[in-house]
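Worksheet: one structure, shown below.
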Amino acid sequence: MRTPDVLIYTRTAGYRHDSIPDGAAALTELARDLGRPAEATEDPGVFTPGRLADCAVVVLLSTTGNVLTPEGRAALEEYLRGGGALLAVHAAANAEPDWPFYGELLGTRFDGHPEIQPGLVLVDDHEHPATAPLPDRWEWTDEWYNFTSDPRGSGGGDGSGVRVLARADESSYRGGTHGEDHPLVWCREIDRGRVFFTALGHAPETYRDPAFRAHLTGALTWLTAQRVSQGRIGRGSGA
């Protein structure tokens with residue numbers, strides 16, 4: 001039986017980050033270290049129920065604009081509702097701008113960023129494997145994304161189970177628009193599936209940083225645990 005793999009999708013229809021090759025290489029290595037093969041692709045044709053049934057995790061790595069076909073959107077939604085897992089990294093917050101389900105999935109949308117500069121990430125939850133390796137106050141340099149709303153406010157105001165793991169300390173840099181509560185990293189469940197989003201990951205060197213790699217490894221660990229607990233994902237999968 002084929003080992004469920006990690007599908008790393010890097011297609012862009014808007015701004016393209018120079019860090020995408022480094023990110024894809026890093027995620028391939030990290031997946032391998034977890035015993036998962038990985039495939040990096042820009043082919044929207046891979047988003048079919050059959051292909052996604054073989055995926056432990058789908059990664060949207062700094063995807064921008066509309067990068068899925070209508071059939072691909074339907075397949076991804078079915079996969080996630082049926083027990084799949086999604087890791088959305090950095091500019092993935094700016095993907096699929098006219099697909100309501102994707103906006104509801106993340107809980108918010110990208111709303112610009114200030115210049116790249118150092119600042120502090122405040123880790124609120126060390127119980128999650130993606131933030132367990134990080135210090136309470138993590139010195140970091142990035143684009144410090146702003147969002148259109150608080151992701152906790154999605155799903156009729158109940159947050160749809162959004163669990164914020166880390167925030168930006170806006171007093172440590174210029175250009176934040178959220179105030180004291182500026183979510184940067186969060187996760188949630190949707191039906192039987194899991195979603196993890198990190199706003200970090202702009203620069204190529206980010207993906208060689210040990211702390212950030214530990215962050216991504218923890219995210220993959222949490223997401224792949226969903227596959228292990230539920231077995232094969234896709235049409236006809238077991239509970």
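Identifiers in this document derive from the order of the structure tokens: chains are assigned A, B, ..., residues are numbered from 1 separately in each chain, and ligands are numbered from 1 in order of occurrence.
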
Could you pull out all residues of region 87-208 of chain A with a DSSP call of helix (DSSP H, G or I) and give them as a PyMOL selection string? chain A and resi 90-94+100-106+151-153+159-161+170-172+204-208

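For the set A:Arg192, A:Arg213, A:Arg81, A:Arg152, the residue with the smallest atom-to-atom gap to Thr28 (chain A) is A:Arg213, counting only C-alpha atoms.
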
If you count only C-alpha atoms, which residues fall within 7 Å of Gly72 (chain A), apart from same-chain ones fewer than 5 positions away, as a list in words?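 The neighbour list is Pro44, Phe47 and Thr48 of chain A.
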
Could you find all residues in region 26-235 of chain A that DSSP calls strand (DSSP E) from the backbone, and write them as a ChimeraX atom specification? /A:38-41,55-61,85-89,117-123,137-142,163-169,183-190,193-198

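Picture a line from CA of Ser19 (chain A) to CA of Ala203 (chain A); it runs 5.4 Å.
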
Distance query Asp169 (chain A) at most 9 Å, only C-alpha atoms, self and fewer than 2 positions along chain excluded, as a PyMOL selection string: chain A and resi 119-122+137+167+171-173+176+179-182

Find, counting only C-alpha atoms, the residue in A:Phe147, A:Phe101, A:Tyr207, A:Trp222 that gets nearest to Pro183 (chain A).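 Closest candidate: A:Phe147.
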
With distances taken over only C-alpha atoms, which residue among A:Arg32, A:Val46, A:Val123, A:Val57 lies nearest Leu87 (chain A)? A:Val57

Near Trp99 (chain A), counting only C-alpha atoms, which residues have an atom at most 10 Å away, once you skip same-chain residues fewer than 2 positions from it, shown as a PDB file with C-alpha atoms, in the first residue's frame?
ATOM      1  CA  ASN A  66      -6.776  31.872  -8.303  1.00  0.00           C
ATOM      2  CA  LEU A  68      -7.338  26.015  -8.617  1.00  0.00           C
ATOM      3  CA  PRO A  70     -13.535  24.661 -10.267  1.00  0.00           C
ATOM      4  CA  ARG A  73     -11.824  23.414  -5.607  1.00  0.00           C
ATOM      5  CA  ALA A  95      -4.967  32.643  -2.602  1.00  0.00           C
ATOM      6  CA  GLU A  96      -8.389  31.925  -4.115  1.00  0.00           C
ATOM      7  CA  PRO A  97      -9.790  35.410  -3.412  1.00  0.00           C
ATOM      8  CA  PHE A 101     -15.114  28.306   1.201  1.00  0.00           C
ATOM      9  CA  TYR A 102     -11.387  29.044   1.270  1.00  0.00           C
ATOM     10  CA  GLY A 103     -11.934  32.339   3.065  1.00  0.00           C
ATOM     11  CA  GLU A 104     -14.109  30.590   5.622  1.00  0.00           C
TER      12      GLU A 104
END

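Using only C-alpha atoms, the nearest neighbour of Ala219 (chain A) within the list A:Val195, A:Ala24, A:Val164, A:Ala74 is A:Val195.
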
Thr41 (chain A) environment, 9 Å, only C-alpha atoms, sequence neighbours closer than 3 positions dropped, as a ChimeraX atom specification: /A:7-11,44,46

Save out the residues we just selected, N, CA and C atoms, as a PDB file, in the first residue's frame.
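Done, and the output landed in selection32.pdb:
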ATOM      1  N   LEU A   7       1.640  16.653  -0.505  1.00  0.00           N
ATOM      2  CA  LEU A   7       1.539  17.314  -1.807  1.00  0.00           C
ATOM      3  C   LEU A   7       1.786  18.805  -1.611  1.00  0.00           C
ATOM      4  N   ILE A   8       2.881  19.305  -2.159  1.00  0.00           N
ATOM      5  CA  ILE A   8       3.284  20.705  -1.982  1.00  0.00           C
ATOM      6  C   ILE A   8       2.931  21.463  -3.260  1.00  0.00           C
ATOM      7  N   TYR A   9       1.972  22.362  -3.158  1.00  0.00           N
ATOM      8  CA  TYR A   9       1.463  23.080  -4.328  1.00  0.00           C
ATOM      9  C   TYR A   9       1.993  24.504  -4.305  1.00  0.00           C
ATOM     10  N   THR A  10       2.629  24.938  -5.409  1.00  0.00           N
ATOM     11  CA  THR A  10       3.345  26.213  -5.425  1.00  0.00           C
ATOM     12  C   THR A  10       2.911  27.145  -6.552  1.00  0.00           C
ATOM     13  N   ARG A  11       1.783  26.884  -7.164  1.00  0.00           N
ATOM     14  CA  ARG A  11       1.331  27.715  -8.285  1.00  0.00           C
ATOM     15  C   ARG A  11       0.987  29.125  -7.796  1.00  0.00           C
ATOM     16  N   PRO A  44      -2.421  22.290 -11.607  1.00  0.00           N
ATOM     17  CA  PRO A  44      -3.726  22.250 -10.943  1.00  0.00           C
ATOM     18  C   PRO A  44      -4.473  20.952 -11.205  1.00  0.00           C
ATOM     19  N   VAL A  46      -3.611  18.069 -10.506  1.00  0.00           N
ATOM     20  CA  VAL A  46      -3.445  17.050  -9.460  1.00  0.00           C
ATOM     21  C   VAL A  46      -4.592  17.070  -8.458  1.00  0.00           C
TER      22      VAL A  46
END
